[in-house]
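Student: File follows, upload.pdb with PDB, C-alpha atoms and all ligand atoms:
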ATOM      1  CA  MET A  24     -16.940  -6.669  12.817  1.00  0.00           C
ATOM      2  CA  ASN A  25     -17.981  -4.213  15.511  1.00  0.00           C
ATOM      3  CA  ARG A  26     -20.172  -1.193  14.920  1.00  0.00           C
ATOM      4  CA  ALA A  27     -17.274   1.235  14.485  1.00  0.00           C
ATOM      5  CA  GLU A  28     -15.587  -1.071  11.939  1.00  0.00           C
ATOM      6  CA  LYS A  29     -18.862  -1.376  10.032  1.00  0.00           C
ATOM      7  CA  ALA A  30     -19.260   2.392   9.958  1.00  0.00           C
ATOM      8  CA  ALA A  31     -15.639   2.804   8.778  1.00  0.00           C
ATOM      9  CA  LEU A  32     -16.229   0.299   5.968  1.00  0.00           C
ATOM     10  CA  GLN A  33     -19.443   2.079   4.918  1.00  0.00           C
ATOM     11  CA  LEU A  34     -17.649   5.443   4.816  1.00  0.00           C
ATOM     12  CA  ARG A  35     -14.778   3.958   2.790  1.00  0.00           C
ATOM     13  CA  ALA A  36     -17.304   2.658   0.267  1.00  0.00           C
ATOM     14  CA  VAL A  37     -18.738   6.149  -0.054  1.00  0.00           C
ATOM     15  CA  ASP A  38     -15.192   7.502  -0.639  1.00  0.00           C
ATOM     16  CA  VAL A  39     -14.644   4.962  -3.426  1.00  0.00           C
ATOM     17  CA  LEU A  40     -18.008   5.808  -5.025  1.00  0.00           C
ATOM     18  CA  ARG A  41     -17.258   9.537  -4.846  1.00  0.00           C
ATOM     19  CA  MET A  42     -13.900   8.989  -6.551  1.00  0.00           C
ATOM     20  CA  LEU A  43     -15.585   6.991  -9.328  1.00  0.00           C
ATOM     21  CA  LYS A  44     -18.339   9.584  -9.650  1.00  0.00           C
ATOM     22  CA  GLU A  45     -15.780  12.312 -10.451  1.00  0.00           C
ATOM     23  CA  THR A  46     -15.428  10.949 -13.983  1.00  0.00           C
ATOM     24  CA  ARG A  47     -18.863   9.374 -14.466  1.00  0.00           C
ATOM     25  CA  THR A  48     -22.556  10.230 -14.659  1.00  0.00           C
ATOM     26  CA  TYR A  49     -24.873   8.368 -12.258  1.00  0.00           C
ATOM     27  CA  ASP A  50     -26.008   6.118 -15.104  1.00  0.00           C
ATOM     28  CA  GLU A  51     -22.401   5.268 -15.919  1.00  0.00           C
ATOM     29  CA  LEU A  52     -21.669   4.691 -12.236  1.00  0.00           C
ATOM     30  CA  ALA A  53     -24.699   2.375 -12.088  1.00  0.00           C
ATOM     31  CA  GLU A  54     -23.268   0.455 -15.017  1.00  0.00           C
ATOM     32  CA  THR A  55     -19.808   0.217 -13.404  1.00  0.00           C
ATOM     33  CA  THR A  56     -21.115  -0.868 -10.026  1.00  0.00           C
ATOM     34  CA  GLY A  57     -24.276  -2.792 -10.875  1.00  0.00           C
ATOM     35  CA  LEU A  58     -26.093  -0.687  -8.244  1.00  0.00           C
ATOM     36  CA  PRO A  59     -29.225   1.422  -8.900  1.00  0.00           C
ATOM     37  CA  ALA A  60     -28.491   5.040  -9.903  1.00  0.00           C
ATOM     38  CA  GLY A  61     -30.949   6.354  -7.276  1.00  0.00           C
ATOM     39  CA  ASP A  62     -29.137   4.514  -4.449  1.00  0.00           C
ATOM     40  CA  LEU A  63     -25.787   5.748  -5.747  1.00  0.00           C
ATOM     41  CA  ASN A  64     -27.036   9.328  -5.723  1.00  0.00           C
ATOM     42  CA  ARG A  65     -28.047   8.985  -2.073  1.00  0.00           C
ATOM     43  CA  TYR A  66     -24.693   7.413  -1.109  1.00  0.00           C
ATOM     44  CA  VAL A  67     -22.569   9.968  -2.973  1.00  0.00           C
ATOM     45  CA  ASN A  68     -24.527  12.852  -1.485  1.00  0.00           C
ATOM     46  CA  GLY A  69     -24.225  11.383   1.991  1.00  0.00           C
ATOM     47  CA  HIS A  70     -27.974  10.969   2.631  1.00  0.00           C
ATOM     48  CA  VAL A  71     -27.801   7.199   3.150  1.00  0.00           C
ATOM     49  CA  LEU A  72     -24.921   4.787   3.833  1.00  0.00           C
ATOM     50  CA  PRO A  73     -24.604   1.550   1.854  1.00  0.00           C
ATOM     51  CA  GLY A  74     -25.328  -1.619   3.854  1.00  0.00           C
ATOM     52  CA  THR A  75     -22.298  -3.530   5.153  1.00  0.00           C
ATOM     53  CA  GLU A  76     -22.357  -6.234   2.472  1.00  0.00           C
ATOM     54  CA  ARG A  77     -22.735  -3.720  -0.328  1.00  0.00           C
ATOM     55  CA  ALA A  78     -19.986  -1.586   1.212  1.00  0.00           C
ATOM     56  CA  ARG A  79     -17.698  -4.597   1.360  1.00  0.00           C
ATOM     57  CA  GLU A  80     -18.295  -5.376  -2.313  1.00  0.00           C
ATOM     58  CA  VAL A  81     -17.611  -1.775  -3.281  1.00  0.00           C
ATOM     59  CA  VAL A  82     -14.370  -1.580  -1.292  1.00  0.00           C
ATOM     60  CA  GLU A  83     -12.955  -5.066  -1.876  1.00  0.00           C
ATOM     61  CA  GLU A  84     -14.011  -5.924  -5.416  1.00  0.00           C
ATOM     62  CA  LEU A  85     -14.973  -2.794  -7.245  1.00  0.00           C
ATOM     63  CA  GLY A  86     -12.534  -0.655  -5.246  1.00  0.00           C
ATOM     64  CA  ARG A  87      -9.566  -2.803  -6.137  1.00  0.00           C
ATOM     65  CA  ASP A  88     -10.229  -2.749  -9.887  1.00  0.00           C
ATOM     66  CA  ALA A  89     -11.167   0.926  -9.868  1.00  0.00           C
ATOM     67  CA  LEU A  90      -8.076   1.974  -7.929  1.00  0.00           C
ATOM     68  CA  ALA A  91      -5.805  -0.195 -10.067  1.00  0.00           C
ATOM     69  CA  ALA A  92      -7.240   1.523 -13.163  1.00  0.00           C
ATOM     70  CA  GLU A  93      -6.850   4.937 -11.531  1.00  0.00           C
ATOM     71  CA  LEU A  94      -3.255   4.088 -10.606  1.00  0.00           C
ATOM     72  CA  ASP A  95      -2.493   3.010 -14.185  1.00  0.00           C
ATOM     73  CA  GLU A  96      -3.769   6.409 -15.350  1.00  0.00           C
ATOM     74  CA  ARG A  97      -1.382   8.171 -12.986  1.00  0.00           C
ATOM     75  CA  ILE A  98       1.803   6.249 -13.838  1.00  0.00           C
ATOM     76  CA  ARG A  99       4.222   7.342 -16.540  1.00  0.00           C
ATOM     77  CA  VAL A 100       6.770   4.804 -17.789  1.00  0.00           C
ATOM     78  CA  ASP A 101       9.666   6.261 -19.783  1.00  0.00           C
ATOM     79  CA  HIS A 102      11.362   4.635 -22.775  1.00  0.00           C
ATOM     80  CA  GLU A 103      13.933   2.949 -20.483  1.00  0.00           C
ATOM     81  CA  GLY A 104      11.207   1.439 -18.317  1.00  0.00           C
ATOM     82  CA  TYR A 105      11.608   3.842 -15.380  1.00  0.00           C
ATOM     83  CA  VAL A 106       8.386   4.668 -13.592  1.00  0.00           C
ATOM     84  CA  ASP A 107       7.219   8.143 -12.553  1.00  0.00           C
ATOM     85  CA  ASN A 108       4.561   7.577  -9.922  1.00  0.00           C
ATOM     86  CA  SER A 109       4.612  11.015  -8.278  1.00  0.00           C
ATOM     87  CA  ALA A 110       0.954  11.529  -9.204  1.00  0.00           C
ATOM     88  CA  ALA A 111       0.126   8.597  -6.920  1.00  0.00           C
ATOM     89  CA  VAL A 112       2.617   8.867  -4.051  1.00  0.00           C
ATOM     90  CA  PHE A 113       2.183  12.644  -3.661  1.00  0.00           C
ATOM     91  CA  ASP A 114      -1.596  12.276  -3.391  1.00  0.00           C
ATOM     92  CA  GLN A 115      -2.370  11.314   0.208  1.00  0.00           C
ATOM     93  CA  PRO A 116      -6.200  11.266  -0.245  1.00  0.00           C
ATOM     94  CA  PHE A 117      -5.738   8.797  -3.121  1.00  0.00           C
ATOM     95  CA  LEU A 118      -3.510   6.615  -0.920  1.00  0.00           C
ATOM     96  CA  ASP A 119      -6.094   6.879   1.869  1.00  0.00           C
ATOM     97  CA  LEU A 120      -8.526   5.194  -0.547  1.00  0.00           C
ATOM     98  CA  VAL A 121      -5.948   2.571  -1.492  1.00  0.00           C
ATOM     99  CA  ALA A 122      -5.293   1.585   2.142  1.00  0.00           C
ATOM    100  CA  PRO A 123      -8.643  -0.122   2.940  1.00  0.00           C
ATOM    101  CA  VAL A 124      -8.611  -1.854  -0.429  1.00  0.00           C
ATOM    102  CA  VAL A 125      -5.162  -3.263   0.355  1.00  0.00           C
ATOM    103  CA  ALA A 126      -6.115  -4.136   3.925  1.00  0.00           C
ATOM    104  CA  ASN A 127      -9.359  -5.891   2.904  1.00  0.00           C
ATOM    105  CA  GLY A 128      -8.650  -7.076  -0.632  1.00  0.00           C
ATOM    106  CA  PHE A 129      -5.352  -8.891  -0.038  1.00  0.00           C
ATOM    107  CA  GLU A 130      -4.639 -11.576   2.536  1.00  0.00           C
ATOM    108  CA  PHE A 131      -2.595  -9.553   4.983  1.00  0.00           C
ATOM    109  CA  ASP A 132      -3.275  -9.887   8.700  1.00  0.00           C
ATOM    110  CA  ARG A 133      -3.370  -6.633  10.611  1.00  0.00           C
ATOM    111  CA  PRO A 134       0.309  -5.963  11.418  1.00  0.00           C
ATOM    112  CA  ASP A 135       1.872  -4.302  14.467  1.00  0.00           C
ATOM    113  CA  VAL A 136       4.081  -2.183  12.224  1.00  0.00           C
ATOM    114  CA  VAL A 137       3.962  -1.054   8.589  1.00  0.00           C
ATOM    115  CA  LEU A 138       7.557  -0.846   7.345  1.00  0.00           C
ATOM    116  CA  THR A 139       8.935   0.837   4.247  1.00  0.00           C
ATOM    117  CA  ALA A 140      12.152   2.329   2.874  1.00  0.00           C
ATOM    118  CA  ALA A 141      12.606   6.069   2.494  1.00  0.00           C
ATOM    119  CA  THR A 142      11.591   7.868   0.491  1.00  0.00           C
ATOM    120  CA  ASP A 143       8.776   7.154  -1.910  1.00  0.00           C
ATOM    121  CA  GLY A 144       7.098   4.396   0.095  1.00  0.00           C
ATOM    122  CA  ILE A 145       6.483   6.642   3.092  1.00  0.00           C
ATOM    123  CA  THR A 146       3.148   8.160   2.102  1.00  0.00           C
ATOM    124  CA  LEU A 147       1.650   4.742   1.294  1.00  0.00           C
ATOM    125  CA  ALA A 148       3.004   3.298   4.553  1.00  0.00           C
ATOM    126  CA  ALA A 149       1.512   6.229   6.474  1.00  0.00           C
ATOM    127  CA  SER A 150      -1.926   5.666   4.918  1.00  0.00           C
ATOM    128  CA  LEU A 151      -1.858   1.952   5.679  1.00  0.00           C
ATOM    129  CA  ALA A 152      -0.610   2.424   9.236  1.00  0.00           C
ATOM    130  CA  SER A 153      -3.315   4.997   9.807  1.00  0.00           C
ATOM    131  CA  TYR A 154      -6.000   2.669   8.434  1.00  0.00           C
ATOM    132  CA  TYR A 155      -4.816  -0.244  10.579  1.00  0.00           C
ATOM    133  CA  GLY A 156      -4.266   2.024  13.573  1.00  0.00           C
ATOM    134  CA  THR A 157      -0.707   0.737  13.885  1.00  0.00           C
ATOM    135  CA  ARG A 158       2.789   2.207  13.842  1.00  0.00           C
ATOM    136  CA  CYS A 159       4.611   3.200  10.696  1.00  0.00           C
ATOM    137  CA  ALA A 160       8.389   2.913  10.362  1.00  0.00           C
ATOM    138  CA  TYR A 161      10.813   3.624   7.566  1.00  0.00           C
ATOM    139  CA  ALA A 162      14.403   2.580   7.056  1.00  0.00           C
ATOM    140  CA  LYS A 163      16.758   5.224   5.699  1.00  0.00           C
ATOM    141  CA  LYS A 164      20.002   5.238   3.797  1.00  0.00           C
ATOM    142  CA  GLN A 165      21.561   7.467   6.489  1.00  0.00           C
ATOM    143  CA  LYS A 166      21.772   7.150  10.265  1.00  0.00           C
ATOM    144  CA  GLU A 167      19.625   9.586  12.223  1.00  0.00           C
ATOM    145  CA  THR A 168      22.020  11.606  14.421  1.00  0.00           C
ATOM    146  CA  ALA A 169      20.373  11.332  17.844  1.00  0.00           C
ATOM    147  CA  VAL A 170      19.501   7.638  17.583  1.00  0.00           C
ATOM    148  CA  GLU A 171      21.965   5.360  19.360  1.00  0.00           C
ATOM    149  CA  GLU A 172      20.994   1.883  18.238  1.00  0.00           C
ATOM    150  CA  PHE A 173      20.134   0.808  14.722  1.00  0.00           C
ATOM    151  CA  ILE A 174      19.219  -2.335  12.910  1.00  0.00           C
ATOM    152  CA  GLU A 175      21.091  -2.253   9.641  1.00  0.00           C
ATOM    153  CA  ALA A 176      20.848  -4.281   6.486  1.00  0.00           C
ATOM    154  CA  ARG A 177      23.468  -4.186   3.753  1.00  0.00           C
ATOM    155  CA  GLN A 178      23.550  -5.650   0.298  1.00  0.00           C
ATOM    156  CA  ARG A 179      25.752  -5.448  -2.755  1.00  0.00           C
ATOM    157  CA  LEU A 180      23.401  -4.617  -5.588  1.00  0.00           C
ATOM    158  CA  GLN A 181      23.518  -6.038  -9.097  1.00  0.00           C
ATOM    159  CA  SER A 182      24.969  -2.686 -10.123  1.00  0.00           C
ATOM    160  CA  GLY A 183      27.972  -3.349  -7.804  1.00  0.00           C
ATOM    161  CA  ILE A 184      27.019  -0.491  -5.494  1.00  0.00           C
ATOM    162  CA  GLU A 185      26.649  -1.368  -1.816  1.00  0.00           C
ATOM    163  CA  LEU A 186      23.395  -0.245  -0.244  1.00  0.00           C
ATOM    164  CA  THR A 187      22.748  -0.012   3.493  1.00  0.00           C
ATOM    165  CA  TYR A 188      19.442   0.792   5.185  1.00  0.00           C
ATOM    166  CA  TYR A 189      19.218   1.809   8.849  1.00  0.00           C
ATOM    167  CA  LEU A 190      16.202   1.568  11.124  1.00  0.00           C
ATOM    168  CA  PRO A 191      16.156   2.803  14.735  1.00  0.00           C
ATOM    169  CA  ALA A 192      16.263  -0.418  16.800  1.00  0.00           C
ATOM    170  CA  SER A 193      13.288   0.721  18.888  1.00  0.00           C
ATOM    171  CA  ALA A 194      10.992   0.760  15.814  1.00  0.00           C
ATOM    172  CA  ILE A 195      10.242  -2.988  15.893  1.00  0.00           C
ATOM    173  CA  GLU A 196       9.967  -5.208  18.985  1.00  0.00           C
ATOM    174  CA  PRO A 197      10.835  -8.919  18.852  1.00  0.00           C
ATOM    175  CA  GLY A 198       7.767 -11.016  17.989  1.00  0.00           C
ATOM    176  CA  GLU A 199       5.850  -8.172  16.357  1.00  0.00           C
ATOM    177  CA  THR A 200       4.286  -8.657  12.936  1.00  0.00           C
ATOM    178  CA  VAL A 201       5.471  -6.359  10.173  1.00  0.00           C
ATOM    179  CA  LEU A 202       3.901  -5.560   6.805  1.00  0.00           C
ATOM    180  CA  VAL A 203       6.505  -4.459   4.246  1.00  0.00           C
ATOM    181  CA  VAL A 204       5.145  -1.908   1.774  1.00  0.00           C
ATOM    182  CA  ASP A 205       6.626   0.224  -0.973  1.00  0.00           C
ATOM    183  CA  ASP A 206       5.465   2.318  -3.871  1.00  0.00           C
ATOM    184  CA  LEU A 207       7.412   0.204  -6.353  1.00  0.00           C
ATOM    185  CA  ILE A 208       9.038  -3.207  -6.489  1.00  0.00           C
ATOM    186  CA  ARG A 209      11.417  -3.782  -9.369  1.00  0.00           C
ATOM    187  CA  SER A 210      14.455  -5.974  -8.542  1.00  0.00           C
ATOM    188  CA  GLY A 211      13.156  -6.694  -5.039  1.00  0.00           C
ATOM    189  CA  GLU A 212      16.507  -5.624  -3.536  1.00  0.00           C
ATOM    190  CA  THR A 213      14.927  -2.973  -1.313  1.00  0.00           C
ATOM    191  CA  GLN A 214      12.224  -5.327  -0.046  1.00  0.00           C
ATOM    192  CA  GLU A 215      14.879  -7.977   0.642  1.00  0.00           C
ATOM    193  CA  LEU A 216      16.774  -5.488   2.811  1.00  0.00           C
ATOM    194  CA  LEU A 217      13.557  -4.706   4.691  1.00  0.00           C
ATOM    195  CA  LEU A 218      12.972  -8.454   5.180  1.00  0.00           C
ATOM    196  CA  ASP A 219      16.555  -8.711   6.531  1.00  0.00           C
ATOM    197  CA  ILE A 220      15.734  -5.951   9.013  1.00  0.00           C
ATOM    198  CA  ILE A 221      12.636  -7.870  10.173  1.00  0.00           C
ATOM    199  CA  ASP A 222      14.784 -11.014  10.651  1.00  0.00           C
ATOM    200  CA  THR A 223      17.354  -9.094  12.672  1.00  0.00           C
ATOM    201  CA  ALA A 224      14.576  -7.645  14.819  1.00  0.00           C
ATOM    202  CA  ASP A 225      13.256 -11.207  15.489  1.00  0.00           C
ATOM    203  CA  ALA A 226       9.902 -10.096  14.141  1.00  0.00           C
ATOM    204  CA  GLU A 227       7.400 -11.822  11.819  1.00  0.00           C
ATOM    205  CA  VAL A 228       6.561 -10.876   8.236  1.00  0.00           C
ATOM    206  CA  ALA A 229       2.831 -10.159   7.775  1.00  0.00           C
ATOM    207  CA  GLY A 230       3.208  -9.637   4.027  1.00  0.00           C
ATOM    208  CA  VAL A 231       4.847  -7.653   1.252  1.00  0.00           C
ATOM    209  CA  PHE A 232       2.863  -5.123  -0.760  1.00  0.00           C
ATOM    210  CA  ALA A 233       3.802  -2.699  -3.525  1.00  0.00           C
ATOM    211  CA  LEU A 234       1.540  -0.274  -5.317  1.00  0.00           C
ATOM    212  CA  ILE A 235       3.340  -1.093  -8.558  1.00  0.00           C
ATOM    213  CA  ALA A 236       5.316  -4.156  -9.587  1.00  0.00           C
ATOM    214  CA  ALA A 237       7.663  -3.390 -12.465  1.00  0.00           C
ATOM    215  CA  GLY A 238       7.823  -6.912 -13.926  1.00  0.00           C
ATOM    216  CA  ASP A 239       7.770 -10.066 -11.790  1.00  0.00           C
ATOM    217  CA  ASP A 240      11.416 -10.223 -10.655  1.00  0.00           C
ATOM    218  CA  GLY A 241      10.840  -8.319  -7.436  1.00  0.00           C
ATOM    219  CA  THR A 242       7.751 -10.222  -6.305  1.00  0.00           C
ATOM    220  CA  ASP A 243       9.398 -13.554  -7.236  1.00  0.00           C
ATOM    221  CA  ARG A 244      12.410 -12.605  -5.147  1.00  0.00           C
ATOM    222  CA  ALA A 245      10.237 -11.665  -2.177  1.00  0.00           C
ATOM    223  CA  ARG A 246       8.338 -14.956  -2.554  1.00  0.00           C
ATOM    224  CA  GLU A 247      11.620 -16.862  -2.179  1.00  0.00           C
ATOM    225  CA  ARG A 248      12.173 -15.108   1.132  1.00  0.00           C
ATOM    226  CA  THR A 249       8.799 -15.465   2.823  1.00  0.00           C
ATOM    227  CA  ASP A 250       5.627 -17.554   2.857  1.00  0.00           C
ATOM    228  CA  ALA A 251       3.596 -14.485   3.847  1.00  0.00           C
ATOM    229  CA  PRO A 252       1.179 -13.045   1.244  1.00  0.00           C
ATOM    230  CA  ILE A 253       2.724 -10.844  -1.447  1.00  0.00           C
ATOM    231  CA  GLY A 254       0.786  -8.499  -3.692  1.00  0.00           C
ATOM    232  CA  ALA A 255       0.790  -5.454  -5.939  1.00  0.00           C
ATOM    233  CA  LEU A 256      -2.096  -3.259  -7.043  1.00  0.00           C
ATOM    234  CA  THR A 257      -0.841  -3.096 -10.618  1.00  0.00           C
ATOM    235  CA  THR A 258       1.979  -4.528 -12.726  1.00  0.00           C
ATOM    236  CA  VAL A 259       3.740  -2.603 -15.492  1.00  0.00           C
TER     237      VAL A 259
HETATM  238  O1  LIG A 301      12.756  -3.358  -6.095  1.00  0.00           O
HETATM  239  P1  LIG A 301      13.883  -2.374  -6.175  1.00  0.00           P
HETATM  240  O2  LIG A 301      14.721  -2.578  -7.420  1.00  0.00           O
HETATM  241  O3  LIG A 301      14.714  -2.344  -4.926  1.00  0.00           O
HETATM  242  O4  LIG A 301      13.262  -0.918  -6.418  1.00  0.00           O
HETATM  243  C1  LIG A 301      12.232  -0.384  -5.627  1.00  0.00           C
HETATM  244  C2  LIG A 301      12.713   0.783  -4.806  1.00  0.00           C
HETATM  245  O5  LIG A 301      13.200   1.819  -5.679  1.00  0.00           O
HETATM  246  C3  LIG A 301      12.600   3.059  -5.302  1.00  0.00           C
HETATM  247  O6  LIG A 301      13.323   3.670  -4.297  1.00  0.00           O
HETATM  248  P2  LIG A 301      14.723   4.417  -4.543  1.00  0.00           P
HETATM  249  O7  LIG A 301      15.838   3.480  -4.152  1.00  0.00           O
HETATM  250  O8  LIG A 301      14.756   4.998  -5.913  1.00  0.00           O
HETATM  251  O9  LIG A 301      14.680   5.541  -3.433  1.00  0.00           O
HETATM  252  P3  LIG A 301      13.610   6.733  -3.256  1.00  0.00           P
HETATM  253  O10 LIG A 301      12.351   6.127  -2.732  1.00  0.00           O
HETATM  254  O11 LIG A 301      14.250   7.622  -2.261  1.00  0.00           O
HETATM  255  O12 LIG A 301      13.421   7.366  -4.614  1.00  0.00           O
HETATM  256  C4  LIG A 301      11.253   2.653  -4.734  1.00  0.00           C
HETATM  257  O13 LIG A 301      10.727   3.644  -3.873  1.00  0.00           O
HETATM  258  C5  LIG A 301      11.551   1.357  -4.015  1.00  0.00           C
HETATM  259  O14 LIG A 301      11.939   1.579  -2.682  1.00  0.00           O
END
Before we go any further, please render this structure as structure tokens.
Tutor:
Amino acid sequence: MNRAEKAALQLRAVDVLRMLKETRTYDELAETTGLPAGDLNRYVNGHVLPGTERAREVVEELGRDALAAELDERIRVDHEGYVDNSAAVFDQPFLDLVAPVVANGFEFDRPDVVLTAATDGITLAASLASYYGTRCAYAKKQKETAVEEFIEARQRLQSGIELTYYLPASAIEPGETVLVVDDLIRSGETQELLLDIIDTADAEVAGVFALIAAGDDGTDRARERTDAPIGALTTV
């Protein structure tokens, strides 16, 4: 890790601690983190930065559990099992906290492109691409007018409806690595279409990540398609 990466990690740890502090006293935060309340006070107030190892623990271990719990708080599941996650996907600062936890707490290699499907995955993909310093791309259900060449992926869904996603062909170069992300994975049909797009582009899959897995069907389906790491922050 170079100096800039260390500094970024330390600042991310402070962001995580500040988020946790919003709903806790320093004593409670000390209990949650196992760190001394006096140190926490200095980190949260920006007087001192946590050391690299401590920062890593906060982001990768504590951060993952804390953000999963925070995400659970923000999700509403209706009586038919449909998920309202607007309180997560509309909150870019929250997703900016999720990004380093995903990048460091799962086994994904840094990709060349973070790919999602419009619409609800876009804010998460933007946060991750920004964290990695890579490009973000999203496939859409319509063709963009001025674009001449598309990669398209089509599938007949279980419902009988045919779904097609289009991605401008210039979005992914052959041989690039692509991390597929989405806010939600349920049947896995959307992620499968994105994996088809990566195949057509002659690119490599770096992994598949969803904020929320609704059951295991979607992740199981993705696992059948790729050996790359697959993960979700929470399962409902
Ligand atoms: O695993 P699956 O069964 O494919 O479901 C997951 C997809 O469903 C939602 O998108 P939706 O198609 O509702 O489009 P939206 O993002 O525009 O709401 C969600 O954003 C995922 O992309």
Student: If you take only C-alpha atoms and all ligand atoms and a cut-off of 10 Å, which residues of chain A touch ligand LIG 301 (chain A), and what are their nearest atom pairs and distances in Å to one decimal, in chain and number order, as CSV?
Tutor:
residue,atom,partner,partner_atom,distance
A:Val106,CA,A:LIG301,C3,9.4
A:Asn108,CA,A:LIG301,O13,9.5
A:Val112,CA,A:LIG301,O13,9.6
A:Thr139,CA,A:LIG301,O14,7.6
A:Ala140,CA,A:LIG301,O14,5.6
A:Ala141,CA,A:LIG301,O10,5.2
A:Thr142,CA,A:LIG301,O10,3.7
A:Asp143,CA,A:LIG301,O10,3.8
A:Gly144,CA,A:LIG301,O13,5.4
A:Ile145,CA,A:LIG301,O10,8.3
A:Lys163,CA,A:LIG301,O11,8.7
A:Lys164,CA,A:LIG301,O11,8.7
A:Leu180,CA,A:LIG301,O3,9.0
A:Gln181,CA,A:LIG301,O2,9.6
A:Leu186,CA,A:LIG301,O7,9.3
A:Val204,CA,A:LIG301,O14,8.8
A:Asp205,CA,A:LIG301,O14,5.7
A:Asp206,CA,A:LIG301,O13,5.4
A:Leu207,CA,A:LIG301,C4,4.8
A:Ile208,CA,A:LIG301,O1,3.7
A:Arg209,CA,A:LIG301,O1,3.6
A:Ser210,CA,A:LIG301,O2,3.6
A:Gly211,CA,A:LIG301,O1,3.5
A:Glu212,CA,A:LIG301,O3,4.0
A:Thr213,CA,A:LIG301,O3,3.7
A:Gln214,CA,A:LIG301,O3,6.2
A:Glu215,CA,A:LIG301,O3,7.9
A:Leu216,CA,A:LIG301,O3,8.6
A:Leu217,CA,A:LIG301,O14,9.8
A:Ala233,CA,A:LIG301,C5,8.8
A:Ile235,CA,A:LIG301,C1,9.4
A:Ala236,CA,A:LIG301,O1,8.3
A:Ala237,CA,A:LIG301,O1,8.2
A:Gly238,CA,A:LIG301,O1,9.9
A:Asp240,CA,A:LIG301,O1,8.3
A:Gly241,CA,A:LIG301,O1,5.5
A:Thr242,CA,A:LIG301,O1,8.5
A:Arg244,CA,A:LIG301,O1,9.3
A:Ala245,CA,A:LIG301,O1,9.5
Student: Save out the residues we just selected, C-alpha atoms, as a short mmCIF file (atom, residue, chain, number, x, y, z; two decimals), in the coordinates of the input.
Tutor:
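Result saved to again29.cif:
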data_model
loop_
_atom_site.label_atom_id
_atom_site.label_comp_id
_atom_site.auth_asym_id
_atom_site.auth_seq_id
_atom_site.Cartn_x
_atom_site.Cartn_y
_atom_site.Cartn_z
CA VAL A 106 8.39 4.67 -13.59
CA ASN A 108 4.56 7.58 -9.92
CA VAL A 112 2.62 8.87 -4.05
CA THR A 139 8.94 0.84 4.25
CA ALA A 140 12.15 2.33 2.87
CA ALA A 141 12.61 6.07 2.49
CA THR A 142 11.59 7.87 0.49
CA ASP A 143 8.78 7.15 -1.91
CA GLY A 144 7.10 4.40 0.10
CA ILE A 145 6.48 6.64 3.09
CA LYS A 163 16.76 5.22 5.70
CA LYS A 164 20.00 5.24 3.80
CA LEU A 180 23.40 -4.62 -5.59
CA GLN A 181 23.52 -6.04 -9.10
CA LEU A 186 23.40 -0.24 -0.24
CA VAL A 204 5.14 -1.91 1.77
CA ASP A 205 6.63 0.22 -0.97
CA ASP A 206 5.46 2.32 -3.87
CA LEU A 207 7.41 0.20 -6.35
CA ILE A 208 9.04 -3.21 -6.49
CA ARG A 209 11.42 -3.78 -9.37
CA SER A 210 14.46 -5.97 -8.54
CA GLY A 211 13.16 -6.69 -5.04
CA GLU A 212 16.51 -5.62 -3.54
CA THR A 213 14.93 -2.97 -1.31
CA GLN A 214 12.22 -5.33 -0.05
CA GLU A 215 14.88 -7.98 0.64
CA LEU A 216 16.77 -5.49 2.81
CA LEU A 217 13.56 -4.71 4.69
CA ALA A 233 3.80 -2.70 -3.52
CA ILE A 235 3.34 -1.09 -8.56
CA ALA A 236 5.32 -4.16 -9.59
CA ALA A 237 7.66 -3.39 -12.46
CA GLY A 238 7.82 -6.91 -13.93
CA ASP A 240 11.42 -10.22 -10.66
CA GLY A 241 10.84 -8.32 -7.44
CA THR A 242 7.75 -10.22 -6.30
CA ARG A 244 12.41 -12.60 -5.15
CA ALA A 245 10.24 -11.66 -2.18
#
Student: Between A:Ala148, A:Val39, A:Leu34, A:Ala91, which one has atoms that come closest to Ala255 in chain A, using all atoms listed in the file?
Tutor: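 With all atoms listed in the file as the atom set, the closest residue is A:Ala91.
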Student: Considering all atoms listed in the file, can you say which of A:Val121, A:Ala31, A:Val82, A:Ala169 comes closest to Thr56 in chain A?
Tutor: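 Closest to Thr56 in chain A, using all atoms listed in the file: A:Val82.
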Student: Quick one: of A:Glu84, A:Asp119, A:Glu103, A:Asp38, who's nearest to Leu72 in chain A, counting all atoms listed in the file?
Tutor: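 Of all the options, A:Asp38 lies closest to Leu72 in chain A.
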Student: I'd like to know which of A:Arg246, A:Arg79, A:Asp88, A:Cys159 is closest to Ala194 in chain A, using all atoms listed in the file.
Tutor: A:Cys159
Student: One decimal, in Å: what's the spacing between CA of Leu118 in chain A and CA of Arg248 in chain A?
Tutor: 26.9 Å
Student: Just checking: using only C-alpha atoms, which residue out of A:Leu147, A:Ala251, A:Ala78, A:Ala152 ends up closest to Arg35 in chain A?
Tutor: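 Answer, going by the shortest atom-to-atom distance: A:Ala78.
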Student: Which distance in Å separates CA of Arg77 in chain A and CA of Asp135 in chain A, to one decimal?
Tutor: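 It comes out at 28.7 Å.
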Student: Given all atoms listed in the file as the basis, pick out the residue of A:Ser150, A:Glu51, A:Thr75, A:Ile253 nearest to Asn25 in chain A.
Tutor: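 Comparing A:Ser150, A:Glu51, A:Thr75, A:Ile253 against Asn25 in chain A, the winner is A:Thr75.
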Student: May I have the residues within 12 Å of Glu130 in chain A as a PyMOL selection string, using only C-alpha atoms and disregarding those fewer than 5 positions away in the same chain?
Tutor: chain A and resi 83+124-125+202+229-232+250-255
Student: In Å, how far is it from CA of Asp101 in chain A to CA of Thr257 in chain A?
Tutor: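 These two atoms are separated by 16.8 Å.
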Student: Leaving out Thr200 in chain A and any residue of its chain fewer than 4 positions from it, which residues lie within 8 Å of it when counting only C-alpha atoms, given as a ChimeraX atom specification?
Tutor: /A:134-136,226-229
Student: The PyMOL selection byres (((chain A and resi 224) around 9) and not hetatm) - which residues does that actually catch in the file I just gave you? List them as a PyMOL selection string.
Tutor: chain A and resi 174+192+195-199+219-223+225-227
